[in-house]
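Q: So here's target-v4.txt, just compact mmCIF, C-alpha atoms and all ligand atoms:
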# COMPACT_ATOMS: atom_id res chain seq x y z
CA MET A 1 67.42 -40.34 246.90
CA ALA A 2 63.63 -40.42 246.65
CA ALA A 3 62.15 -42.69 249.33
CA LEU A 4 60.37 -45.82 248.31
CA GLN A 5 56.60 -45.33 248.63
CA LEU A 6 55.12 -48.75 248.14
CA GLY A 7 56.80 -52.05 249.03
CA CYS A 8 55.09 -55.02 247.44
CA ILE A 9 55.41 -58.75 248.07
CA ALA A 10 53.92 -60.96 245.34
CA ASP A 11 53.38 -64.70 245.76
CA ASP A 12 54.38 -65.58 242.20
CA PHE A 13 56.38 -64.22 239.29
CA THR A 14 53.75 -63.39 236.67
CA GLY A 15 51.50 -62.06 239.43
CA ALA A 16 54.29 -59.68 240.38
CA THR A 17 54.56 -58.46 236.80
CA ASP A 18 50.79 -57.98 236.63
CA LEU A 19 50.91 -55.79 239.76
CA ALA A 20 53.97 -53.88 238.54
CA ASN A 21 52.22 -53.23 235.23
CA ASN A 22 49.14 -51.81 236.99
CA LEU A 23 51.27 -49.57 239.22
CA VAL A 24 53.17 -48.19 236.22
CA ARG A 25 49.90 -47.46 234.44
CA SER A 26 48.85 -45.51 237.52
CA GLY A 27 52.00 -43.40 237.35
CA MET A 28 54.51 -45.13 239.61
CA ARG A 29 58.06 -45.95 238.53
CA VAL A 30 58.43 -49.61 239.39
CA VAL A 31 61.23 -52.12 239.74
CA GLN A 32 60.43 -55.82 240.02
CA ALA A 33 62.96 -57.85 241.99
CA ILE A 34 63.26 -61.56 241.35
CA GLY A 35 63.39 -62.98 244.86
CA VAL A 36 64.48 -60.91 247.85
CA PRO A 37 67.28 -58.61 246.65
CA ASP A 38 70.63 -58.72 248.41
CA GLY A 39 71.72 -55.26 247.27
CA PRO A 40 70.53 -51.75 248.09
CA PRO A 41 67.15 -50.47 246.81
CA PRO A 42 66.98 -48.77 243.39
CA THR A 43 67.32 -45.00 243.64
CA ASP A 44 64.65 -44.01 241.14
CA ALA A 45 61.63 -46.21 241.90
CA ASP A 46 58.37 -45.29 243.66
CA ALA A 47 57.55 -48.97 244.20
CA VAL A 48 59.46 -52.23 244.35
CA VAL A 49 57.65 -55.51 243.77
CA VAL A 50 59.50 -58.48 245.25
CA ALA A 51 58.47 -61.57 243.27
CA LEU A 52 58.44 -64.73 245.37
CA LYS A 53 57.34 -68.23 244.39
CA SER A 54 55.37 -68.79 247.57
CA ARG A 55 51.82 -69.47 246.44
CA THR A 56 51.82 -73.22 246.90
CA ILE A 57 54.91 -73.99 249.01
CA PRO A 58 54.42 -75.04 252.68
CA ALA A 59 52.90 -72.17 254.69
CA ALA A 60 55.86 -71.89 257.08
CA GLU A 61 58.24 -71.38 254.14
CA ALA A 62 55.93 -68.83 252.53
CA VAL A 63 55.82 -66.92 255.82
CA ALA A 64 59.61 -67.00 256.19
CA GLN A 65 60.22 -65.74 252.64
CA SER A 66 57.55 -63.04 252.95
CA LEU A 67 59.06 -61.78 256.22
CA GLN A 68 62.48 -61.65 254.58
CA ALA A 69 61.00 -59.57 251.75
CA LEU A 70 59.27 -57.33 254.31
CA GLN A 71 62.53 -56.74 256.14
CA TRP A 72 64.28 -55.64 252.94
CA LEU A 73 61.38 -53.39 251.90
CA ARG A 74 61.26 -51.71 255.31
CA ARG A 75 64.98 -51.10 255.22
CA ALA A 76 64.43 -49.55 251.79
CA GLY A 77 62.00 -47.14 253.47
CA ALA A 78 58.68 -48.41 252.09
CA ALA A 79 55.84 -46.33 253.54
CA GLN A 80 53.17 -48.97 252.93
CA ILE A 81 53.32 -52.74 252.30
CA TYR A 82 51.15 -54.46 249.66
CA PHE A 83 50.84 -58.25 249.82
CA LYS A 84 49.73 -59.37 246.36
CA TYR A 85 48.03 -62.71 245.61
CA CYS A 86 46.03 -64.12 242.73
CA SER A 87 42.72 -62.54 241.73
CA THR A 88 41.12 -65.97 242.16
CA PHE A 89 42.36 -66.03 245.79
CA ASP A 90 44.38 -69.24 245.12
CA SER A 91 44.90 -70.87 248.52
CA THR A 92 43.94 -73.84 250.70
CA PRO A 93 42.79 -74.01 254.34
CA ALA A 94 46.52 -74.32 255.18
CA GLY A 95 47.32 -71.05 253.39
CA ASN A 96 49.18 -69.31 252.16
CA ILE A 97 47.18 -66.07 251.99
CA GLY A 98 46.02 -66.19 255.63
CA PRO A 99 49.26 -67.18 257.37
CA VAL A 100 51.34 -64.72 255.32
CA THR A 101 48.87 -61.89 256.02
CA GLU A 102 48.93 -62.54 259.77
CA ALA A 103 52.72 -62.83 259.87
CA LEU A 104 53.06 -59.49 258.04
CA MET A 105 50.52 -57.89 260.43
CA ASP A 106 52.48 -59.16 263.45
CA ALA A 107 55.78 -57.95 262.05
CA LEU A 108 54.33 -54.53 261.22
CA GLY A 109 52.57 -54.29 264.60
CA THR A 110 49.22 -53.57 263.00
CA ASP A 111 45.85 -54.86 264.17
CA PHE A 112 43.94 -54.36 260.92
CA THR A 113 44.20 -54.92 257.20
CA ILE A 114 41.95 -55.45 254.20
CA ALA A 115 41.75 -58.25 251.64
CA THR A 116 40.29 -57.98 248.17
CA PRO A 117 41.20 -59.94 245.05
CA ALA A 118 38.81 -57.79 242.96
CA PHE A 119 40.14 -56.81 239.52
CA PRO A 120 37.18 -55.67 237.41
CA ASP A 121 39.33 -55.09 234.30
CA ASN A 122 40.06 -58.81 234.44
CA LEU A 123 36.43 -59.71 235.28
CA ARG A 124 37.12 -60.54 238.92
CA SER A 125 34.58 -58.91 241.23
CA VAL A 126 33.68 -59.28 244.89
CA PHE A 127 30.09 -58.71 246.02
CA LYS A 128 28.75 -59.42 249.52
CA GLY A 129 32.06 -61.14 250.13
CA HIS A 130 31.57 -63.56 247.23
CA LEU A 131 34.14 -63.72 244.44
CA PHE A 132 32.88 -63.84 240.87
CA VAL A 133 34.99 -64.89 237.87
CA GLY A 134 33.25 -63.30 234.92
CA ASP A 135 29.58 -64.18 235.29
CA VAL A 136 29.99 -67.17 237.58
CA LEU A 137 30.88 -67.68 241.23
CA LEU A 138 34.46 -68.73 241.92
CA GLN A 139 33.26 -72.19 243.01
CA ASP A 140 31.59 -72.70 239.61
CA SER A 141 34.61 -71.50 237.60
CA GLY A 142 37.52 -73.55 236.29
CA MET A 143 39.24 -72.85 239.63
CA ARG A 144 36.99 -75.52 241.12
CA ASP A 145 39.34 -78.17 239.73
CA HIS A 146 42.70 -76.41 240.02
CA PRO A 147 45.31 -79.13 240.67
CA LEU A 148 46.99 -77.33 243.60
CA THR A 149 44.48 -74.83 244.96
CA PRO A 150 40.93 -76.01 244.14
CA MET A 151 38.54 -73.18 245.10
CA ARG A 152 35.17 -74.69 246.05
CA ASP A 153 33.76 -71.90 248.23
CA SER A 154 33.16 -68.42 246.80
CA ASN A 155 32.51 -66.85 250.21
CA LEU A 156 35.86 -65.18 250.89
CA VAL A 157 35.02 -64.32 254.50
CA ARG A 158 34.63 -68.04 255.14
CA VAL A 159 37.64 -69.01 253.00
CA LEU A 160 39.96 -66.57 254.77
CA GLN A 161 38.53 -67.28 258.24
CA ALA A 162 39.60 -70.93 257.82
CA GLN A 163 43.20 -69.74 257.33
CA VAL A 164 43.62 -67.22 260.16
CA LYS A 165 43.35 -66.77 263.91
CA ARG A 166 42.02 -63.20 263.75
CA ARG A 167 38.35 -62.53 263.06
CA VAL A 168 37.45 -61.82 259.43
CA GLY A 169 34.76 -59.26 258.56
CA LEU A 170 33.27 -57.59 255.49
CA VAL A 171 33.10 -54.09 254.05
CA GLY A 172 30.09 -54.46 251.78
CA HIS A 173 29.47 -52.74 248.46
CA ASP A 174 26.72 -50.56 250.00
CA VAL A 175 29.47 -48.96 252.11
CA VAL A 176 32.11 -48.86 249.37
CA VAL A 177 29.90 -46.84 246.96
CA ARG A 178 29.46 -44.17 249.64
CA GLY A 179 33.15 -43.31 249.34
CA PRO A 180 36.41 -43.27 251.30
CA GLY A 181 34.88 -41.63 254.41
CA ALA A 182 32.21 -44.31 254.74
CA ILE A 183 34.76 -47.08 254.17
CA ALA A 184 37.08 -45.64 256.84
CA GLN A 185 34.15 -45.41 259.27
CA ARG A 186 33.20 -49.02 258.64
CA ILE A 187 36.83 -50.06 259.16
CA GLU A 188 36.85 -48.31 262.54
CA ALA A 189 33.60 -50.02 263.53
CA LEU A 190 34.97 -53.45 262.52
CA ARG A 191 38.17 -52.76 264.41
CA ALA A 192 36.25 -51.82 267.56
CA ASP A 193 34.34 -55.07 267.13
CA GLY A 194 37.54 -57.10 267.22
CA VAL A 195 37.79 -57.80 263.47
CA GLY A 196 41.39 -58.01 262.23
CA ILE A 197 40.95 -58.51 258.48
CA ALA A 198 38.10 -57.31 256.26
CA ILE A 199 37.19 -58.63 252.85
CA VAL A 200 36.17 -55.60 250.79
CA ASP A 201 33.60 -55.68 247.98
CA ALA A 202 34.53 -54.10 244.65
CA ILE A 203 32.76 -54.57 241.33
CA ALA A 204 34.17 -51.63 239.37
CA ASN A 205 37.41 -49.66 239.10
CA ASP A 206 35.72 -46.72 240.89
CA ASP A 207 35.24 -48.98 243.93
CA LEU A 208 38.98 -49.72 244.00
CA VAL A 209 39.81 -46.01 243.71
CA ARG A 210 37.50 -45.24 246.68
CA LEU A 211 39.03 -48.09 248.65
CA GLY A 212 42.53 -46.92 247.77
CA ALA A 213 41.85 -43.51 249.31
CA ALA A 214 40.36 -45.10 252.43
CA VAL A 215 43.38 -47.32 253.17
CA LYS A 216 45.91 -44.50 252.97
CA GLY A 217 47.00 -44.86 256.59
CA LEU A 218 47.11 -48.67 256.80
CA PRO A 219 50.65 -50.09 257.14
CA LEU A 220 49.55 -53.20 255.21
CA VAL A 221 47.08 -53.88 252.41
CA THR A 222 46.47 -57.28 250.82
CA ALA A 223 44.87 -57.67 247.41
CA GLY A 224 45.06 -58.94 243.86
CA SER A 225 46.64 -56.52 241.41
CA GLY A 226 43.43 -54.47 241.06
CA LEU A 227 43.91 -52.29 244.14
CA ALA A 228 47.07 -50.90 242.51
CA ILE A 229 44.92 -48.44 240.56
CA GLY A 230 43.74 -46.85 243.82
CA LEU A 231 47.02 -46.35 245.70
CA PRO A 232 49.38 -44.04 243.75
CA GLN A 233 47.04 -41.07 244.32
CA ASN A 234 47.77 -41.39 248.07
CA PHE A 235 51.41 -40.56 247.34
CA GLY A 236 50.54 -37.61 245.09
CA ILE A 237 51.28 -39.65 241.98
CA ALA A 238 49.09 -39.43 238.86
CA PRO A 239 49.22 -41.47 235.62
CA SER A 240 52.04 -40.27 233.35
CA PRO A 241 53.95 -41.73 230.39
CA GLN A 242 57.15 -40.83 232.27
CA ALA A 243 56.53 -43.74 234.67
CA ALA A 244 56.97 -46.25 231.84
CA ARG A 245 60.10 -44.69 230.39
CA LEU A 246 62.94 -47.10 229.61
CA PRO A 247 66.35 -46.48 228.03
CA ALA A 248 66.32 -46.55 224.20
CA ALA A 249 66.22 -50.05 222.74
CA ARG A 250 69.10 -51.22 220.57
CA GLY A 251 70.72 -54.46 219.39
CA LEU A 252 69.39 -57.57 217.67
CA ARG A 253 65.91 -59.00 218.26
CA ALA A 254 64.77 -62.50 219.14
CA VAL A 255 61.81 -64.45 220.52
CA VAL A 256 62.18 -67.66 222.54
CA SER A 257 58.92 -69.52 223.06
CA GLY A 258 58.40 -72.53 225.31
CA SER A 259 54.71 -71.99 226.00
CA CYS A 260 52.26 -74.45 224.45
CA SER A 261 49.16 -72.44 225.41
CA ALA A 262 46.53 -71.72 222.79
CA ALA A 263 47.40 -68.02 222.56
CA THR A 264 51.10 -68.76 222.07
CA ASN A 265 50.39 -71.30 219.32
CA GLN A 266 48.50 -68.53 217.51
CA GLN A 267 51.34 -66.05 218.07
CA VAL A 268 53.91 -68.46 216.60
CA LEU A 269 51.71 -68.98 213.52
CA ALA A 270 51.12 -65.24 213.14
CA PHE A 271 54.86 -64.53 213.34
CA ALA A 272 55.64 -67.22 210.74
CA ARG A 273 53.07 -65.63 208.42
CA THR A 274 54.95 -62.33 208.52
CA GLY A 275 57.87 -64.15 206.86
CA GLY A 276 60.11 -63.93 209.95
CA ALA A 277 62.84 -66.54 210.49
CA THR A 278 61.62 -69.43 212.67
CA LEU A 279 63.26 -72.53 214.10
CA ALA A 280 61.40 -75.34 215.88
CA VAL A 281 63.10 -77.10 218.77
CA ASP A 282 62.23 -80.81 218.91
CA PRO A 283 62.10 -82.23 222.47
CA LEU A 284 62.77 -85.76 221.17
CA ARG A 285 66.08 -84.64 219.63
CA ILE A 286 67.07 -83.13 223.00
CA ALA A 287 66.20 -86.47 224.63
CA GLN A 288 68.44 -88.24 222.09
CA GLY A 289 71.33 -86.23 223.44
CA ARG A 290 71.75 -83.91 220.42
CA ASP A 291 73.21 -80.48 221.19
CA VAL A 292 70.05 -78.71 220.10
CA ALA A 293 71.05 -75.41 221.71
CA THR A 294 74.30 -75.16 219.74
CA GLU A 295 72.49 -76.09 216.51
CA ALA A 296 69.89 -73.40 217.15
CA LEU A 297 72.52 -70.76 217.84
CA GLN A 298 74.40 -71.64 214.63
CA TRP A 299 71.14 -71.17 212.73
CA ALA A 300 70.40 -67.91 214.57
CA ARG A 301 73.85 -66.50 213.77
CA ASP A 302 72.95 -66.62 210.06
CA HIS A 303 69.52 -65.02 210.47
CA LEU A 304 69.77 -62.42 213.25
CA ALA A 305 71.22 -59.64 211.12
CA ARG A 306 68.21 -59.77 208.78
CA GLY A 307 65.52 -59.31 211.44
CA THR A 308 63.76 -60.88 214.42
CA VAL A 309 64.31 -64.63 214.84
CA LEU A 310 61.90 -66.97 216.63
CA VAL A 311 63.10 -70.18 218.30
CA TYR A 312 60.20 -72.22 219.66
CA SER A 313 59.21 -75.54 221.17
CA THR A 314 55.58 -74.41 221.11
CA ALA A 315 53.36 -77.23 219.87
CA GLU A 316 49.69 -78.24 219.68
CA PRO A 317 48.25 -80.23 222.62
CA ALA A 318 48.31 -83.58 220.78
CA ALA A 319 52.02 -83.24 219.96
CA VAL A 320 52.82 -82.17 223.53
CA ARG A 321 50.92 -85.18 224.92
CA GLN A 322 52.86 -87.50 222.64
CA VAL A 323 56.22 -86.08 223.80
CA GLN A 324 55.11 -86.21 227.43
CA GLY A 325 53.99 -89.81 226.98
CA GLN A 326 57.43 -90.75 225.72
CA LEU A 327 59.59 -88.69 228.08
CA GLY A 328 57.35 -88.06 231.09
CA VAL A 329 55.71 -84.67 231.80
CA ASP A 330 58.33 -83.34 234.22
CA ALA A 331 61.35 -84.62 232.31
CA ALA A 332 60.06 -83.19 229.02
CA GLY A 333 59.35 -79.84 230.66
CA ALA A 334 62.73 -79.61 232.37
CA MET A 335 64.62 -80.65 229.25
CA VAL A 336 62.92 -78.09 227.04
CA GLU A 337 63.22 -75.31 229.63
CA HIS A 338 66.93 -76.03 230.04
CA THR A 339 67.56 -75.97 226.28
CA LEU A 340 65.53 -72.81 225.67
CA ALA A 341 67.30 -71.05 228.54
CA ALA A 342 70.69 -71.97 227.02
CA ILE A 343 69.46 -70.65 223.67
CA ALA A 344 68.29 -67.36 225.26
CA ARG A 345 71.71 -66.99 226.93
CA GLY A 346 73.47 -67.77 223.63
CA LEU A 347 71.31 -65.29 221.70
CA VAL A 348 72.26 -62.52 224.12
CA ASP A 349 75.91 -63.51 223.74
CA LEU A 350 75.39 -63.12 219.95
CA GLY A 351 74.24 -59.53 220.45
CA VAL A 352 70.50 -59.82 221.04
CA ARG A 353 69.44 -56.91 223.25
CA GLN A 354 65.68 -57.10 222.65
CA LEU A 355 64.25 -60.42 223.77
CA VAL A 356 60.71 -61.75 224.11
CA VAL A 357 60.19 -64.95 226.11
CA ALA A 358 56.86 -66.81 226.02
CA GLY A 359 55.84 -69.14 228.86
CA GLY A 360 55.77 -68.66 232.63
CA GLU A 361 58.16 -71.48 233.53
CA THR A 362 60.20 -70.81 230.41
CA SER A 363 60.57 -67.16 231.49
CA GLY A 364 61.79 -68.25 234.93
CA ALA A 365 64.44 -70.49 233.37
CA CYS A 366 65.59 -67.80 230.89
CA VAL A 367 65.77 -65.05 233.51
CA GLN A 368 67.91 -67.32 235.66
CA ALA A 369 70.22 -68.27 232.77
CA LEU A 370 70.64 -64.58 231.97
CA GLY A 371 71.49 -63.73 235.58
CA ILE A 372 68.73 -61.10 235.72
CA GLN A 373 67.87 -59.98 239.26
CA GLN A 374 65.71 -56.92 238.64
CA LEU A 375 63.36 -55.64 235.95
CA GLN A 376 62.58 -52.01 235.38
CA ILE A 377 58.94 -52.00 234.26
CA GLY A 378 58.09 -50.09 231.07
CA PRO A 379 55.08 -49.63 228.78
CA GLN A 380 52.34 -52.24 228.49
CA ILE A 381 52.47 -54.37 225.34
CA ASP A 382 49.22 -56.21 226.02
CA PRO A 383 47.15 -56.43 229.24
CA GLY A 384 49.34 -57.90 231.99
CA VAL A 385 52.55 -57.86 229.92
CA PRO A 386 54.88 -54.86 230.07
CA GLY A 387 58.13 -54.31 228.20
CA CYS A 388 61.02 -54.28 230.69
CA PHE A 389 64.68 -53.30 230.95
CA ALA A 390 67.18 -55.41 232.86
CA GLN A 391 70.89 -55.94 233.39
CA ALA A 392 71.94 -59.38 232.13
CA ALA A 393 75.09 -60.86 233.64
CA GLY A 394 78.04 -60.31 231.33
CA ALA A 395 75.97 -58.50 228.70
CA GLY A 396 74.74 -55.24 230.25
CA GLY A 397 71.39 -53.65 229.44
CA LEU A 398 68.71 -55.75 227.76
CA HIS A 399 65.08 -55.06 226.84
CA ILE A 400 62.94 -58.04 227.69
CA ALA A 401 59.26 -59.00 227.72
CA LEU A 402 58.13 -62.06 229.66
CA LYS A 403 54.76 -63.32 228.49
CA SER A 404 52.90 -65.99 230.39
CA GLY A 405 50.97 -68.60 228.41
CA ASN A 406 47.60 -67.25 227.43
CA PHE A 407 48.46 -63.55 227.43
CA GLY A 408 48.85 -61.36 224.38
CA ALA A 409 47.17 -60.76 221.02
CA PRO A 410 48.14 -62.86 217.97
CA ASP A 411 50.64 -60.22 216.74
CA PHE A 412 52.45 -60.09 220.12
CA PHE A 413 55.82 -61.30 218.73
CA THR A 414 56.07 -58.39 216.29
CA ARG A 415 54.29 -55.66 218.26
CA ALA A 416 56.36 -56.21 221.40
CA PHE A 417 59.32 -54.67 219.57
CA GLU A 418 57.29 -51.72 218.34
CA VAL A 419 56.21 -50.79 221.86
CA LEU A 420 59.81 -50.51 223.08
CA PRO A 421 61.31 -47.03 222.73
P1 LIG B 1 52.75 -71.41 229.91
O1 LIG B 1 52.94 -70.05 230.51
O2 LIG B 1 52.06 -71.39 228.59
O3 LIG B 1 52.14 -72.39 230.89
P2 LIG B 1 55.33 -72.52 230.57
O4 LIG B 1 56.65 -72.13 230.04
O5 LIG B 1 54.99 -72.10 231.98
O6 LIG B 1 54.24 -71.96 229.56
O7 LIG B 1 55.13 -74.08 230.53
C1 LIG B 1 55.29 -74.83 229.37
C2 LIG B 1 55.99 -76.12 229.75
O8 LIG B 1 55.93 -77.02 228.66
C3 LIG B 1 57.47 -75.89 230.05
O9 LIG B 1 57.89 -76.72 231.10
C4 LIG B 1 58.13 -76.31 228.73
O10 LIG B 1 59.46 -76.72 228.90
C5 LIG B 1 57.24 -77.44 228.30
N1 LIG B 1 57.26 -77.64 226.84
C6 LIG B 1 57.48 -76.71 225.92
N2 LIG B 1 57.38 -77.22 224.69
C7 LIG B 1 57.11 -78.53 224.83
C8 LIG B 1 56.88 -79.59 223.91
N3 LIG B 1 56.92 -79.39 222.61
N4 LIG B 1 56.61 -80.80 224.42
C9 LIG B 1 56.54 -81.00 225.75
N5 LIG B 1 56.74 -80.05 226.66
C10 LIG B 1 57.02 -78.81 226.21
How does the structure come out when it is put into structure tokens?
A:
Amino acid sequence: MAALQLGCIADDFTGATDLANNLVRSGMRVVQAIGVPDGPPPTDADAVVVALKSRTIPAAEAVAQSLQALQWLRRAGAAQIYFKYCSTFDSTPAGNIGPVTEALMDALGTDFTIATPAFPDNLRSVFKGHLFVGDVLLQDSGMRDHPLTPMRDSNLVRVLQAQVKRRVGLVGHDVVVRGPGAIAQRIEALRADGVGIAIVDAIANDDLVRLGAAVKGLPLVTAGSGLAIGLPQNFGIAPSPQAARLPAARGLRAVVSGSCSAATNQQVLAFARTGGATLAVDPLRIAQGRDVATEALQWARDHLARGTVLVYSTAEPAAVRQVQGQLGVDAAGAMVEHTLAAIARGLVDLGVRQLVVAGGETSGACVQALGIQQLQIGPQIDPGVPGCFAQAAGAGGLHIALKSGNFGAPDFFTRAFEVLP
């Protein structure tokens, strides 16, 4: 059995997929586990990404879950641990980036690690310790008013220092451009100075590649998904289409969409324009106690043999607000998620073996209803969204793509199936 190279802990589900996707593009064979696995590690993966939901839970719980993931990854033989958080450094003075980082450092017995959310491909750059989102500072971006983790200070040294006991320092861009040797030297100097965690500047992919080489010996790295492009080289791994290879796709095709994001609304319209079979799920009918899932599956039974079917609750903002006003935001969300998950399960029972799910929360509900515990990560369909292969309880192998809200081009619901082998 090939040993696991990289063990990753991600603080949310779509963030885990984003990291897995970047690692695959850099040549690693990657399995994403949903929660801490209870079984043995996969035999043919270079990296495992354990997807937690720990970004905004109480810090002590985030620490406990992360340590559990660490324990499993170490038992699996991981040579280096990668703690992955959001590229907008989503956190509060209570955590969870700082407390989780320090707990992992303690458990690994290491006195130094780095932190960089930089992801230039996604327009996230760090310069002089300040995080930019596109052309504006983090504190002037939409993250300023995030409901759970409002980010009102762009100075990451200060932001992280408020969350940790260890001293936080900076590896500036002037050092990073001089290459891995200069970065390693600066790390040693910071270490000697009593710094435990260093924010690292990066404004281009080349910076992340240089940084990747410099952190080869560190037991722990912490970053957004960007650093993934700089690490596989340390394990002698180069980009290769082999990394994204999945078993051949077969079976019927369906799309289940519970996302109401602008991009998804466009994708539903674009799919309808191709003449594909579509069925709208009405939240108010669910609330009336109708068995909407059974109705949808009866409809699907008649259409599946002729091509891809799309079942959606996707609606424009005004319609969503109206439903939420009548049912309540949480109740409407839960009801729709529950129904769409039952429909996804029913579609697979009808023989669907190629499934696209749109919506972050919707994906979580569908994955749970399908009893999926691990995803083998395949080729990228659109930035941040790979095609995957999974074992669904009672159904065997299934190709699945999980698309969060605003991801994907308008033709995503047709092209997803063309990307699969
Ligand atoms: P996204 O990734 O776009 O945010 P999610 O699936 O995470 O998508 O969230 C969408 C939420 O909206 C889910 O809780 C879903 O059940 C709910 N929802 C879907 N369709 C409707 C609708 N027509 N009216 C009200 N709520 C809806």
Q: Skip A:Pro117 itself and residues of its chain fewer than 3 positions away, then list as a PyMOL selection string all residues within 10 Å of it, counting all atoms listed in the file.
A: chain A and resi 84-90+120+124-126+131+156+199-202+222-227
Q: Quick one: residues within 9 Å of ligand LIG 1 (chain B), with only C-alpha atoms and all ligand atoms, as a ChimeraX atom specification?
A: /A:257-264,281-284,312-317,319-324,327-340,357-365,403-407
Q: Can you list, as a CSV table (one decimal) with C-alpha atoms, in the frame of the given file, every protein, DNA or RNA residue that comes within 10 Å of A:Arg245 when you count all atoms listed in the file, leaving out same-chain residues fewer than 4 positions away?
A:
chain,number,residue,atom,x,y,z
A,24,VAL,CA,53.2,-48.2,236.2
A,29,ARG,CA,58.1,-46.0,238.5
A,240,SER,CA,52.0,-40.3,233.4
A,241,PRO,CA,54.0,-41.7,230.4
A,376,GLN,CA,62.6,-52.0,235.4
A,377,ILE,CA,58.9,-52.0,234.3
A,378,GLY,CA,58.1,-50.1,231.1
A,379,PRO,CA,55.1,-49.6,228.8
A,388,CYS,CA,61.0,-54.3,230.7
A,389,PHE,CA,64.7,-53.3,231.0
A,420,LEU,CA,59.8,-50.5,223.1
A,421,PRO,CA,61.3,-47.0,222.7
Q: Give the answer as one residue: which of A:Gln354, A:Gln71, A:Thr308, A:Gln380 has the shortest atom-to-atom distance to A:Ile400, using only C-alpha atoms?
A: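 The answer is A:Gln354, which sits nearest to A:Ile400.
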Q: Report, in Å with one decimal, the straight-line distance from atom CA of A:Val352 to atom CA of A:Ala305.
A: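 If I compute the distance from atom CA of A:Val352 to atom CA of A:Ala305, I get 9.9 Å.
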Q: If we count all atoms listed in the file and set the cut-off at 10 Å, which residues sit around A:Gly179, ignoring sequence neighbours fewer than 2 positions away in its own chain? Please answer as a short mmCIF file (atom, residue, chain, number, x, y, z; two decimals) with C-alpha atoms, in the frame of the given file.
A:
data_model
loop_
_atom_site.label_atom_id
_atom_site.label_comp_id
_atom_site.auth_asym_id
_atom_site.auth_seq_id
_atom_site.Cartn_x
_atom_site.Cartn_y
_atom_site.Cartn_z
CA ASP A 174 26.72 -50.56 250.00
CA VAL A 175 29.47 -48.96 252.11
CA VAL A 176 32.11 -48.86 249.37
CA VAL A 177 29.90 -46.84 246.96
CA GLY A 181 34.88 -41.63 254.41
CA ALA A 182 32.21 -44.31 254.74
CA ILE A 183 34.76 -47.08 254.17
CA ALA A 184 37.08 -45.64 256.84
CA ASP A 206 35.72 -46.72 240.89
CA ASP A 207 35.24 -48.98 243.93
CA VAL A 209 39.81 -46.01 243.71
CA ARG A 210 37.50 -45.24 246.68
CA LEU A 211 39.03 -48.09 248.65
CA ALA A 213 41.85 -43.51 249.31
CA ALA A 214 40.36 -45.10 252.43
#
Q: Find the residue from A:Ala341, A:Lys216, A:Arg166, A:Asp135 that sits nearest to A:Asn122; use only C-alpha atoms when measuring.
A: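 The closest residue to A:Asn122 is A:Asp135.
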Q: With distances taken over all atoms listed in the file, which of A:Leu208, A:Ala33, A:Leu19, A:Ala79 is nearest to A:Ile372?
A: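 Among the listed residues, the smallest separation from A:Ile372 belongs to A:Ala33.
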Q: Between A:Thr92, A:Thr101, A:Ser154, A:Thr414, which has the minimum distance to A:Val268 (counting all atoms listed in the file)?
A: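 For A:Val268, the nearest of the given residues is A:Thr414.
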Q: Would you mind listing what lies within 10 Å of A:Val356 as a PyMOL selection string, with all atoms listed in the file counted and same-chain residues fewer than 6 positions away left out?
A: chain A and resi 253-257+310+344+363+387-388+399-403+412-414+416-417
Q: Atom CA of A:Leu350 and atom CA of A:Leu297 are how many Å apart?
A: 8.4 Å
Q: Can you work out which one of A:Asp38, A:Asp46, A:Glu102, A:Asp11 has the shortest atom-to-atom distance to A:Gln374, counting only C-alpha atoms?
A: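 For A:Gln374, the nearest of the given residues is A:Asp38.
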Q: Calculated over all atoms listed in the file, which of the candidates A:Val164, A:Leu123, A:Ile9, A:Ala296 has the smallest distance to A:Val36?
A: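 Closest to A:Val36, using all atoms listed in the file: A:Ile9.
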Q: Report as a PyMOL selection string all protein, DNA and RNA residues lying within 8 Å of A:Pro219, evaluated on all atoms listed in the file, omitting residues in the same chain fewer than 4 positions from it.
A: chain A and resi 79-81+108+110
Q: What separation in Å, quoted to one decimal, exists between atom CA of A:Asp411 and atom CA of A:His303?
A: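 One can read the atom CA of A:Asp411 to atom CA of A:His303 distance as 20.5 Å.
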